[in-house]
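A.B. asks: Have a peek at input.cif (mmCIF, C-alpha atoms).
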data_my_file
loop_
_atom_site.label_atom_id
_atom_site.label_comp_id
_atom_site.auth_asym_id
_atom_site.auth_seq_id
_atom_site.Cartn_x
_atom_site.Cartn_y
_atom_site.Cartn_z
CA MET W 951 -2.84 -18.98 -2.78
CA ALA W 952 -1.76 -18.53 -6.40
CA VAL W 953 -4.30 -17.14 -8.83
CA HIS W 954 -4.42 -16.50 -12.58
CA ILE W 955 -4.59 -13.08 -14.13
CA ASN W 956 -8.08 -11.95 -15.01
CA SER W 957 -7.81 -10.05 -18.31
CA ARG W 958 -11.09 -8.21 -17.78
CA GLN W 959 -10.00 -6.86 -14.41
CA THR W 960 -6.59 -5.72 -15.72
CA ARG W 961 -8.38 -3.28 -18.05
CA LEU W 962 -10.21 -1.61 -15.18
CA SER W 963 -8.85 1.48 -13.48
CA PHE W 964 -7.99 1.33 -9.82
CA SER W 965 -11.11 3.27 -8.77
CA GLN W 966 -13.30 1.01 -10.93
CA GLU W 967 -11.93 -2.02 -9.12
CA ILE W 968 -12.75 -0.36 -5.80
CA LYS W 969 -16.31 0.22 -7.05
CA SER W 970 -16.57 -3.45 -8.02
CA LEU W 971 -15.38 -4.54 -4.57
CA LEU W 972 -17.89 -2.19 -2.90
CA GLN W 973 -20.70 -3.80 -4.88
CA ARG W 974 -19.57 -7.27 -3.84
CA LEU W 975 -19.22 -6.14 -0.25
CA ALA W 976 -22.92 -5.24 -0.21
CA GLU W 977 -23.69 -8.93 -0.78
CA GLN W 978 -21.08 -10.76 1.30
CA HIS W 979 -18.07 -10.37 3.59
CA LEU W 980 -14.79 -9.97 1.74
CA THR W 981 -11.52 -11.59 2.77
CA LEU W 982 -8.05 -10.60 1.65
CA GLY W 983 -7.98 -13.87 -0.29
CA ASP W 984 -11.16 -12.88 -2.13
CA ILE W 985 -9.61 -9.60 -3.20
CA LEU W 986 -6.42 -11.29 -4.39
CA ALA W 987 -8.44 -13.85 -6.35
CA GLU W 988 -10.52 -11.05 -7.88
CA THR W 989 -7.62 -8.92 -9.04
CA SER W 990 -4.65 -11.31 -9.31
CA GLU W 991 -1.39 -9.51 -10.19
CA ARG W 992 -3.05 -6.15 -9.60
CA GLY W 993 -4.10 -7.55 -6.23
CA PHE W 994 -0.57 -6.95 -4.95
CA SER W 995 -1.03 -3.19 -5.13
CA LEU W 996 -4.75 -3.22 -4.30
CA VAL W 997 -4.41 -5.24 -1.09
CA ILE W 998 -1.28 -3.32 -0.07
CA ALA W 999 -3.24 -0.09 -0.48
CA LEU W 1000 -6.13 -1.51 1.58
CA LEU W 1001 -3.74 -2.61 4.32
CA VAL W 1002 -1.96 0.72 4.70
CA LEU W 1003 -4.88 3.10 4.11
CA PRO W 1004 -6.02 3.02 7.78
CA PHE W 1005 -2.68 4.51 8.80
CA LEU W 1006 -3.69 7.82 7.26
CA PHE W 1007 -5.99 8.03 10.27
CA PRO W 1008 -5.46 7.44 14.01
CA MET W 1009 -5.13 3.71 14.65
CA PRO W 1010 -5.47 1.75 17.91
CA PRO W 1011 -2.23 0.45 19.45
CA GLY W 1012 -1.14 -2.94 18.12
CA ALA W 1013 -2.89 -2.61 14.74
CA THR W 1014 0.32 -1.75 12.90
CA GLY W 1015 1.83 -5.22 13.39
CA PRO W 1016 -0.72 -7.50 11.64
CA PHE W 1017 -1.50 -5.09 8.80
CA GLY W 1018 2.16 -4.23 8.34
CA ALA W 1019 3.18 -7.90 8.34
CA ALA W 1020 0.69 -8.75 5.57
CA CYS W 1021 1.86 -5.74 3.54
CA LEU W 1022 5.48 -6.79 4.00
CA ILE W 1023 4.74 -10.37 2.90
CA LEU W 1024 3.21 -9.13 -0.36
CA SER W 1025 5.86 -6.48 -1.08
CA VAL W 1026 8.71 -8.96 -0.50
CA GLN W 1027 7.07 -11.26 -3.07
CA MET W 1028 7.16 -8.33 -5.54
CA LEU W 1029 10.83 -7.80 -4.68
CA LEU W 1030 11.46 -11.47 -5.49
CA GLY W 1031 9.72 -11.05 -8.85
CA LYS W 1032 6.57 -13.02 -8.02
CA ARG W 1033 3.52 -12.15 -10.13
CA SER W 1034 0.92 -14.32 -8.38
CA PRO W 1035 0.27 -13.08 -4.84
CA TRP W 1036 0.17 -15.45 -1.88
CA LEU W 1037 -0.74 -14.97 1.76
CA PRO W 1038 -0.72 -17.46 4.65
CA LYS W 1039 -4.18 -18.99 5.11
CA LYS W 1040 -4.73 -17.30 8.44
CA ILE W 1041 -4.20 -13.88 6.86
CA ALA W 1042 -5.90 -14.70 3.54
CA HIS W 1043 -9.06 -15.83 5.36
CA TYR W 1044 -9.21 -12.69 7.51
CA LYS W 1045 -12.65 -11.14 7.08
CA PHE W 1046 -12.86 -7.39 7.29
CA PRO W 1047 -15.83 -6.41 9.48
CA ARG W 1048 -18.29 -5.01 6.95
CA PRO W 1049 -18.46 -1.44 8.37
CA PHE W 1050 -14.66 -1.29 8.56
CA ALA W 1051 -14.27 -2.71 5.05
CA GLN W 1052 -16.75 -0.19 3.66
CA PHE W 1053 -14.87 2.59 5.42
CA LEU W 1054 -11.59 1.40 3.89
CA LEU W 1055 -12.91 0.92 0.38
CA GLN W 1056 -14.86 4.18 0.27
CA ASN W 1057 -11.90 6.20 1.51
CA LEU W 1058 -9.52 4.37 -0.80
CA ARG W 1059 -11.84 5.13 -3.69
CA ARG W 1060 -11.74 8.84 -2.78
CA VAL W 1061 -7.95 8.76 -2.59
CA THR W 1062 -7.55 6.95 -5.90
CA LYS W 1063 -9.99 9.24 -7.70
CA VAL W 1064 -7.81 12.19 -6.74
CA VAL W 1065 -4.57 10.46 -7.73
CA GLU W 1066 -6.01 9.05 -10.96
CA LYS W 1067 -6.53 12.62 -12.19
CA ILE W 1068 -2.75 12.82 -12.53
CA ALA W 1069 -1.97 9.08 -12.95
CA ARG W 1070 -2.14 7.59 -16.44
CA PRO W 1071 -0.08 5.18 -18.54
CA ARG W 1072 3.22 6.97 -19.24
CA LEU W 1073 6.84 5.97 -19.83
CA GLY W 1074 5.80 2.40 -20.56
CA LYS W 1075 9.38 1.18 -20.90
CA ILE W 1076 9.93 2.06 -17.26
CA ALA W 1077 6.50 0.98 -15.99
CA HIS W 1078 6.64 -2.46 -17.63
CA HIS W 1079 10.33 -3.22 -17.16
CA PRO W 1080 10.76 -6.42 -15.05
CA LEU W 1081 13.28 -4.64 -12.80
CA THR W 1082 10.73 -1.90 -12.02
CA TRP W 1083 8.39 -4.46 -10.44
CA ARG W 1084 11.20 -5.60 -8.13
CA VAL W 1085 12.27 -2.05 -7.27
CA ASN W 1086 8.64 -1.19 -6.48
CA GLY W 1087 8.56 -4.18 -4.15
CA PHE W 1088 11.76 -3.05 -2.48
CA CYS W 1089 10.46 0.51 -1.97
CA ILE W 1090 7.13 -0.68 -0.57
CA SER W 1091 8.93 -3.15 1.72
CA TRP W 1092 11.24 -0.42 3.01
CA LEU W 1093 8.39 2.06 3.51
CA THR W 1094 6.43 -0.65 5.35
CA ILE W 1095 9.38 -1.18 7.70
CA LEU W 1096 9.36 2.57 8.36
CA LEU W 1097 5.60 2.39 8.88
CA ILE W 1098 5.83 -0.26 11.57
CA SER W 1099 8.86 1.35 13.24
CA PRO W 1100 8.16 2.56 16.81
CA ILE W 1101 8.41 6.27 15.98
CA PRO W 1102 5.24 7.99 17.20
CA PHE W 1103 2.95 10.09 14.98
CA THR W 1104 4.79 9.22 11.73
CA ASN W 1105 2.46 6.57 10.25
CA PRO W 1106 0.88 8.81 7.57
CA ILE W 1107 4.28 9.73 6.08
CA PRO W 1108 5.33 6.31 4.67
CA THR W 1109 1.65 5.51 4.05
CA VAL W 1110 1.45 8.30 1.46
CA GLY W 1111 4.54 6.92 -0.28
CA ILE W 1112 3.14 3.36 -0.33
CA LEU W 1113 -0.25 4.47 -1.65
CA LEU W 1114 1.29 6.59 -4.39
CA LEU W 1115 3.56 3.77 -5.53
CA ALA W 1116 0.73 1.21 -5.38
CA ILE W 1117 -1.50 3.36 -7.60
CA ALA W 1118 1.37 4.18 -9.98
CA THR W 1119 2.00 0.44 -10.35
CA ILE W 1120 -1.67 -0.29 -11.04
CA GLU W 1121 -1.91 2.51 -13.61
CA SER W 1122 1.43 1.64 -15.29
CA ASP W 1123 2.55 5.23 -14.82
CA GLY W 1124 6.32 5.25 -15.23
CA LEU W 1125 6.57 8.96 -14.44
CA LEU W 1126 4.63 8.61 -11.19
CA ILE W 1127 6.73 5.56 -10.30
CA CYS W 1128 9.90 7.66 -10.68
CA ILE W 1129 8.34 10.41 -8.54
CA SER W 1130 7.51 7.74 -5.94
CA TYR W 1131 11.17 6.67 -5.87
CA ILE W 1132 12.21 10.26 -5.17
CA LEU W 1133 9.54 10.49 -2.47
CA THR W 1134 10.86 7.25 -0.92
CA ILE W 1135 14.34 8.76 -0.70
CA PHE W 1136 12.90 11.93 0.86
CA ILE W 1137 10.88 9.91 3.41
CA THR W 1138 13.97 7.86 4.27
CA ALA W 1139 15.97 11.04 4.85
CA LEU W 1140 13.15 12.48 6.97
CA PHE W 1141 13.01 9.36 9.15
CA GLY W 1142 16.79 9.47 9.47
CA PHE W 1143 16.53 13.07 10.67
CA ILE W 1144 13.72 12.20 13.12
CA GLY W 1145 15.63 9.15 14.38
CA TYR W 1146 18.78 11.21 14.87
CA GLY W 1147 16.75 13.81 16.77
CA LEU W 1148 15.27 11.15 19.05
CA TRP W 1149 18.75 9.72 19.64
CA LEU W 1150 20.04 13.15 20.67
CA ALA W 1151 16.98 14.02 22.74
CA PRO W 1152 18.10 12.40 26.04
CA SER W 1153 21.25 14.51 26.09
CA ILE W 1154 19.67 17.74 24.82
CA LEU W 1155 16.41 17.90 26.81
CA PRO W 1156 17.99 18.10 30.31
CA SER W 1157 20.01 21.16 29.28
CA ILE W 1158 16.90 22.83 27.82
CA PHE W 1159 14.85 22.45 30.99
CA LYS W 1160 17.59 23.53 33.41
#
As a first step, turn the structure in this file into structure tokens.
C.D. replies:
Amino acid sequence: MAVHINSRQTRLSFSQEIKSLLQRLAEQHLTLGDILAETSERGFSLVIALLVLPFLFPMPPGATGPFGAACLILSVQMLLGKRSPWLPKKIAHYKFPRPFAQFLLQNLRRVTKVVEKIARPRLGKIAHHPLTWRVNGFCISWLTILLISPIPFTNPIPTVGILLLAIATIESDGLLICISYILTIFITALFGFIGYGLWLAPSILPSIFK
């Protein structure tokens, strides 16, 4: 589902776009395809943020897979340099239940309002460099893989990194993008430490409980 860039929407801040989607939601059910069509290139980051936001909160088992898969599809497209987002029809036509969608959008709006106090267009040469778009896609893809990894109680950690990078991309904030890269490295190291600890656990725990 390729769409054209809407010049009016690209001038809106991230929180303003959330407000617009909330107003539309009051009138009709929104699908992921609707949101992509509404925001075009910016829809990459907006839909990714919508998909990962629930993982800041406790999620039912099995929810990580579908949401993570859709996020990974979009972020890989960014990695490949695509500017028009596409999702398989089955995912694009997914309708958020209205109460759940309102919960997502309202909480995302709160999150973005906080972040937008520090996010603003900076270091434009970095923010608008074609390679930056691909690196952002790579980082989001990698963090999504960490998000859907079977390590318990870690979902909020990569989620914070994805949200920060998504908002930095929307706001063309080169400084925040660089900070997000550093955070991605830190999160990767943290997961490596946790994974190493889990790998050692079977041999260490028996000696502890002797």
A.B. asks: Expanded to explicit residues, what is the PyMOL selection byres ((chain W and resi 997) around 8) for this file, as number ranges by chain?
C.D. replies: W: 982, 985-986, 993-996, 998-1001, 1021
A.B. asks: Do a neighbour search on W:Asn1057 at 10 Å with all atoms listed in the file, toss out local chain neighbours closer than 4 positions, and write the hits as an NGL selection string.
C.D. replies: :W and (968 or 1000 or 1003-1004 or 1051-1053 or 1061-1063)
A.B. asks: Find, counting all atoms listed in the file, the residue in W:Ser1130, W:Thr1138, W:Ser1153, W:Thr1014 that gets nearest to W:Gly1111.
C.D. replies: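 Ranking W:Ser1130, W:Thr1138, W:Ser1153, W:Thr1014 by distance to W:Gly1111, first place goes to W:Ser1130.
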A.B. asks: Between W:Phe1007, W:Phe1103, W:Phe1050, W:Phe1088, which one has atoms that come closest to W:Leu1024, using all atoms listed in the file?
C.D. replies: W:Phe1088
A.B. asks: Please enumerate the residues selected by the PyMOL selection byres ((chain W and resi 1101) around 12) when evaluated against the supplied file, formatted as a ChimeraX atom specification.
C.D. replies: /W:1014,1095-1100,1102-1108,1140-1149
A.B. asks: Hey, which of W:Gly1074, W:Leu1055, W:Trp1083, W:Gly1015 ends up closest to W:Arg1033? Count only C-alpha atoms.
C.D. replies: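 Answer, going by the shortest atom-to-atom distance: W:Trp1083.
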A.B. asks: Expressed in Å to a single decimal, how great is the separation between atom CA of W:Ile1090 and atom CA of W:Pro1008?
C.D. replies: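 Separation between atom CA of W:Ile1090 and atom CA of W:Pro1008: 20.9 Å.
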A.B. asks: Please evaluate the PyMOL selection byres ((chain W and resi 1072) around 10) against the displayed coordinates and give the resulting residues as a ChimeraX atom specification.
C.D. replies: /W:1069-1071,1073-1077,1118,1121-1127
A.B. asks: Given the selection you just returned, output its residues as a file containing C-alpha atoms, formatted as a short mmCIF file (atom, residue, chain, number, x, y, z; two decimals), in the coordinates of the input.
C.D. replies:
data_model
loop_
_atom_site.label_atom_id
_atom_site.label_comp_id
_atom_site.auth_asym_id
_atom_site.auth_seq_id
_atom_site.Cartn_x
_atom_site.Cartn_y
_atom_site.Cartn_z
CA ALA W 1069 -1.97 9.08 -12.95
CA ARG W 1070 -2.14 7.59 -16.44
CA PRO W 1071 -0.08 5.18 -18.54
CA LEU W 1073 6.84 5.97 -19.83
CA GLY W 1074 5.80 2.40 -20.56
CA LYS W 1075 9.38 1.18 -20.90
CA ILE W 1076 9.93 2.06 -17.26
CA ALA W 1077 6.50 0.98 -15.99
CA ALA W 1118 1.37 4.18 -9.98
CA GLU W 1121 -1.91 2.51 -13.61
CA SER W 1122 1.43 1.64 -15.29
CA ASP W 1123 2.55 5.23 -14.82
CA GLY W 1124 6.32 5.25 -15.23
CA LEU W 1125 6.57 8.96 -14.44
CA LEU W 1126 4.63 8.61 -11.19
CA ILE W 1127 6.73 5.56 -10.30
#
